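Structure file model_16.csv (CSV, C-alpha atoms) follows.
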```
chain,number,residue,atom,x,y,z
D,1,MET,CA,146.4,346.5,105.2
D,2,ILE,CA,143.2,344.5,105.7
D,3,VAL,CA,141.6,342.8,102.7
D,4,VAL,CA,137.9,342.4,102.8
D,5,ARG,CA,136.5,339.8,100.5
D,6,ARG,CA,132.9,339.9,99.5
D,7,TYR,CA,131.1,336.7,98.7
D,8,MET,CA,129.6,336.9,95.3
D,9,PRO,CA,127.5,333.9,94.5
D,10,SER,CA,127.9,332.4,91.0
D,11,ARG,CA,125.0,332.5,88.6
D,12,VAL,CA,124.6,328.7,89.0
D,13,SER,CA,124.2,329.1,92.8
D,14,VAL,CA,121.6,331.8,92.4
D,15,PHE,CA,119.7,329.6,89.9
D,16,LEU,CA,119.8,326.5,92.2
D,17,VAL,CA,118.5,328.5,95.2
D,18,GLY,CA,115.7,330.0,93.0
D,19,LEU,CA,114.8,326.6,91.8
D,20,LEU,CA,114.6,325.2,95.3
D,21,VAL,CA,112.4,328.1,96.4
D,22,ALA,CA,110.1,327.7,93.4
D,23,LEU,CA,109.9,323.9,93.4
D,24,PRO,CA,106.7,323.6,95.5
D,25,VAL,CA,104.9,325.9,93.1
D,26,PHE,CA,105.7,323.5,90.2
D,27,THR,CA,104.8,320.3,92.1
D,28,GLY,CA,101.1,320.8,92.5
D,29,CYS,CA,100.4,323.5,95.1
D,30,SER,CA,97.2,325.1,93.9
D,31,ASP,CA,94.9,327.8,95.1
D,32,ASP,CA,92.5,327.6,92.2
D,33,GLU,CA,89.0,328.3,93.4
D,34,ASP,CA,87.4,326.5,90.4
D,35,SER,CA,89.5,323.4,90.9
D,36,ASP,CA,87.7,320.2,89.9
D,37,VAL,CA,86.6,318.0,92.7
D,38,ALA,CA,85.8,314.5,91.6
D,39,ALA,CA,85.3,311.0,92.7
D,40,GLY,CA,83.3,308.0,91.5
D,41,ALA,CA,82.8,304.4,90.8
D,42,ASP,CA,85.6,304.5,88.2
D,43,PRO,CA,89.0,304.7,90.1
D,44,GLU,CA,90.3,307.0,87.4
D,45,ALA,CA,87.4,309.3,87.6
D,46,SER,CA,88.8,311.9,89.9
D,47,SER,CA,90.8,315.0,89.2
D,48,SER,CA,92.0,317.2,92.1
D,49,THR,CA,90.5,318.2,95.4
D,50,GLU,CA,90.1,321.7,96.6
D,51,SER,CA,93.0,321.2,99.1
D,52,GLY,CA,95.3,320.5,96.2
D,53,THR,CA,95.8,316.8,96.9
D,54,PRO,CA,96.6,315.3,93.5
D,55,THR,CA,94.4,312.5,92.3
D,56,VAL,CA,93.8,310.9,88.9
D,57,ASP,CA,92.4,313.1,86.2
D,58,PRO,CA,89.3,311.8,84.4
D,59,GLY,CA,90.2,313.8,81.3
D,60,PRO,CA,88.4,316.7,79.6
D,61,PRO,CA,84.6,316.8,80.1
D,62,ASP,CA,82.4,315.4,77.4
D,63,THR,CA,79.4,317.3,78.9
D,64,THR,CA,79.0,320.2,81.3
D,65,VAL,CA,76.0,320.5,83.5
D,66,SER,CA,75.3,323.7,85.5
D,67,VAL,CA,73.5,323.1,88.7
D,68,VAL,CA,71.8,325.9,90.7
D,69,LEU,CA,71.4,325.2,94.4
D,70,LYS,CA,69.0,327.3,96.6
D,71,GLU,CA,66.4,326.8,99.3
D,72,TRP,CA,64.9,324.2,98.6
D,73,SER,CA,65.7,323.0,95.1
D,74,ILE,CA,68.4,321.6,92.9
D,75,ALA,CA,68.0,322.7,89.2
D,76,PRO,CA,70.5,321.1,86.7
D,77,SER,CA,70.7,322.6,83.2
D,78,LYS,CA,70.4,319.0,81.9
D,79,THR,CA,68.8,316.0,83.5
D,80,VAL,CA,69.9,313.5,80.8
D,81,VAL,CA,73.5,313.2,79.4
D,82,ASN,CA,75.5,310.7,77.5
D,83,ALA,CA,78.0,308.4,79.3
D,84,GLY,CA,81.5,309.9,79.7
D,85,VAL,CA,83.2,312.6,81.7
D,86,VAL,CA,80.6,315.0,83.1
D,87,ARG,CA,81.6,318.3,84.7
D,88,PHE,CA,79.1,319.6,87.2
D,89,ILE,CA,79.3,323.3,88.0
D,90,ALA,CA,77.6,323.8,91.3
D,91,ASP,CA,76.3,327.4,91.8
D,92,ASN,CA,74.9,328.2,95.3
D,93,SER,CA,72.5,331.0,94.7
D,94,GLY,CA,70.8,330.4,98.0
D,95,THR,CA,71.3,332.1,101.3
D,96,GLU,CA,72.5,329.0,103.2
D,97,THR,CA,75.5,326.7,102.7
D,98,HIS,CA,74.6,323.7,100.4
D,99,GLU,CA,76.4,320.8,98.8
D,100,LEU,CA,76.0,318.9,95.5
D,101,VAL,CA,76.2,315.2,96.0
D,102,LEU,CA,75.9,312.7,93.2
D,103,LEU,CA,74.3,309.4,94.3
D,104,LYS,CA,74.0,306.1,92.5
D,105,ASP,CA,71.8,303.5,94.1
D,106,GLY,CA,71.8,305.5,97.3
D,107,LYS,CA,75.7,305.5,97.4
D,108,GLU,CA,77.6,308.8,97.3
D,109,ILE,CA,80.0,308.8,94.4
D,110,GLY,CA,81.0,312.4,94.1
D,111,GLU,CA,80.4,315.7,95.9
D,112,VAL,CA,81.1,319.4,96.2
D,113,GLU,CA,80.7,320.1,99.9
D,114,GLY,CA,80.4,323.1,102.0
D,115,LEU,CA,79.5,325.4,99.2
D,116,GLN,CA,78.9,328.9,100.7
D,117,LYS,CA,76.2,331.2,99.4
D,118,ASN,CA,77.2,333.0,96.1
D,119,HIS,CA,80.0,330.6,95.4
D,120,VAL,CA,80.6,328.3,92.5
D,121,GLU,CA,82.7,325.1,92.4
D,122,SER,CA,82.9,322.2,90.1
D,123,MET,CA,83.6,318.4,90.0
D,124,SER,CA,84.4,316.2,87.0
D,125,ILE,CA,83.5,312.6,87.1
D,126,ARG,CA,83.4,309.7,84.6
D,127,LEU,CA,79.9,308.3,84.6
D,128,GLU,CA,78.6,305.1,83.1
D,129,LYS,CA,75.0,304.5,81.9
D,130,GLY,CA,72.4,304.5,84.7
D,131,ASN,CA,70.1,306.4,87.0
D,132,TYR,CA,71.6,308.8,89.4
D,133,GLU,CA,70.4,311.5,91.8
D,134,LEU,CA,71.7,315.0,92.5
D,135,ALA,CA,71.1,316.0,96.2
D,136,CYS,CA,72.1,318.2,99.1
D,137,LEU,CA,72.5,316.0,102.1
D,138,ILE,CA,73.1,318.7,104.7
D,139,VAL,CA,71.3,318.1,108.0
D,140,GLU,CA,71.7,320.8,110.6
D,141,LYS,CA,70.2,321.9,113.8
D,142,GLU,CA,69.1,325.5,114.0
D,143,ASN,CA,67.4,327.0,117.0
D,144,GLY,CA,66.7,323.5,118.3
D,145,LYS,CA,65.0,322.5,115.0
D,146,THR,CA,66.5,320.0,112.6
D,147,GLU,CA,66.7,321.2,109.0
D,148,ASP,CA,67.2,318.3,106.5
D,149,HIS,CA,67.9,319.8,103.1
D,150,TYR,CA,67.1,316.6,101.2
D,151,SER,CA,63.7,316.2,103.0
D,152,LEU,CA,63.0,319.9,102.1
D,153,GLY,CA,63.2,319.1,98.4
D,154,MET,CA,66.9,319.4,97.5
D,155,HIS,CA,67.1,316.4,95.2
D,156,THR,CA,66.4,315.5,91.6
D,157,LYS,CA,66.8,312.6,89.3
D,158,PHE,CA,69.7,312.5,86.8
D,159,GLU,CA,70.1,310.0,83.9
D,160,VAL,CA,73.2,308.9,82.0
D,161,LYS,CA,72.5,307.2,78.7
```

Can you present the structure in this file as structure tokens?
Amino acid sequence: MIVVRRYMPSRVSVFLVGLLVALPVFTGCSDDEDSDVAAGADPEASSSTESGTPTVDPGPPDTTVSVVLKEWSIAPSKTVVNAGVVRFIADNSGTETHELVLLKDGKEIGEVEGLQKNHVESMSIRLEKGNYELACLIVEKENGKTEDHYSLGMHTKFEVK
């Protein structure tokens, strides 16, 4: 007589294997299209990048500013806000790829880059009082001609009180 013994895993073994499989999901893997992309002068001003790389969270937004990008303009819903965490929602309603760059004294301090047409992304950033600029800094060559989005009018002043 031959005895065949089946291996029956214990409930604890099944739980541990399930936990190991699910661990990457709980440790920050993200595919959220509306993830906040942030950077800034304040080292604690950033949240998370689109690639899912964890960074420091600036906290909940004190103000939200919608920004419509299209050929050849940048139209924020507000041009003056109070200091604190500002969430910019960049909406590319144009036909070309654009980006939303936040500049302070000509220095880039935050951006949503490579924003395809009909896409919306956001960034949250802690801003101090001062004068800023919202811009698209894309420069591309098309049919032998250079197209500089900034020079074509894609920039506007932005003030933080």

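With distances restricted to only C-alpha atoms, D:Thr64 is the closest residue to Val81 in chain D from D:Ser93, D:Gln116, D:Ser151, D:Thr64.
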
ask   = Which is closest to Leu134 in chain D among D:Glu159, D:Asp57, D:Glu121, D:Asp148, if we use all atoms listed in the file?
value = D:Glu159

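Distance check against Gly110 in chain D using all atoms listed in the file: of D:Asn92, D:Trp72, D:Tyr132, D:Thr97, the minimum falls on D:Tyr132.
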
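Distance-wise, CA of Glu96 in chain D and CA of Glu133 in chain D end up 21.0 Å apart.
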
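Compared by their closest atoms to Ala90 in chain D, and using only C-alpha atoms, the residues D:Lys161, D:His149, D:Arg126, D:Lys117 rank with D:Lys117 nearest.
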
remark   = What separates CA of Leu69 in chain D and CA of Asn82 in chain D is a distance of 22.6 Å

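With CA of Ala83 in chain D on one side and CA of Leu152 in chain D on the other, the separation reads 29.6 Å.
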
message = I'd like the contact shell of Asp62 in chain D - 7 Å cut-off, all atoms listed in the file, skipping same-chain residues fewer than 3 positions apart - returned as an MDAnalysis selection string.
response = chainID D and resid 84:86

task = Do a neighbour search on Val101 in chain D at 7 Å with all atoms listed in the file, toss out local chain neighbours closer than 3 positions, and write the hits as a ChimeraX atom specification.
result = /D:108,110-112,134-136
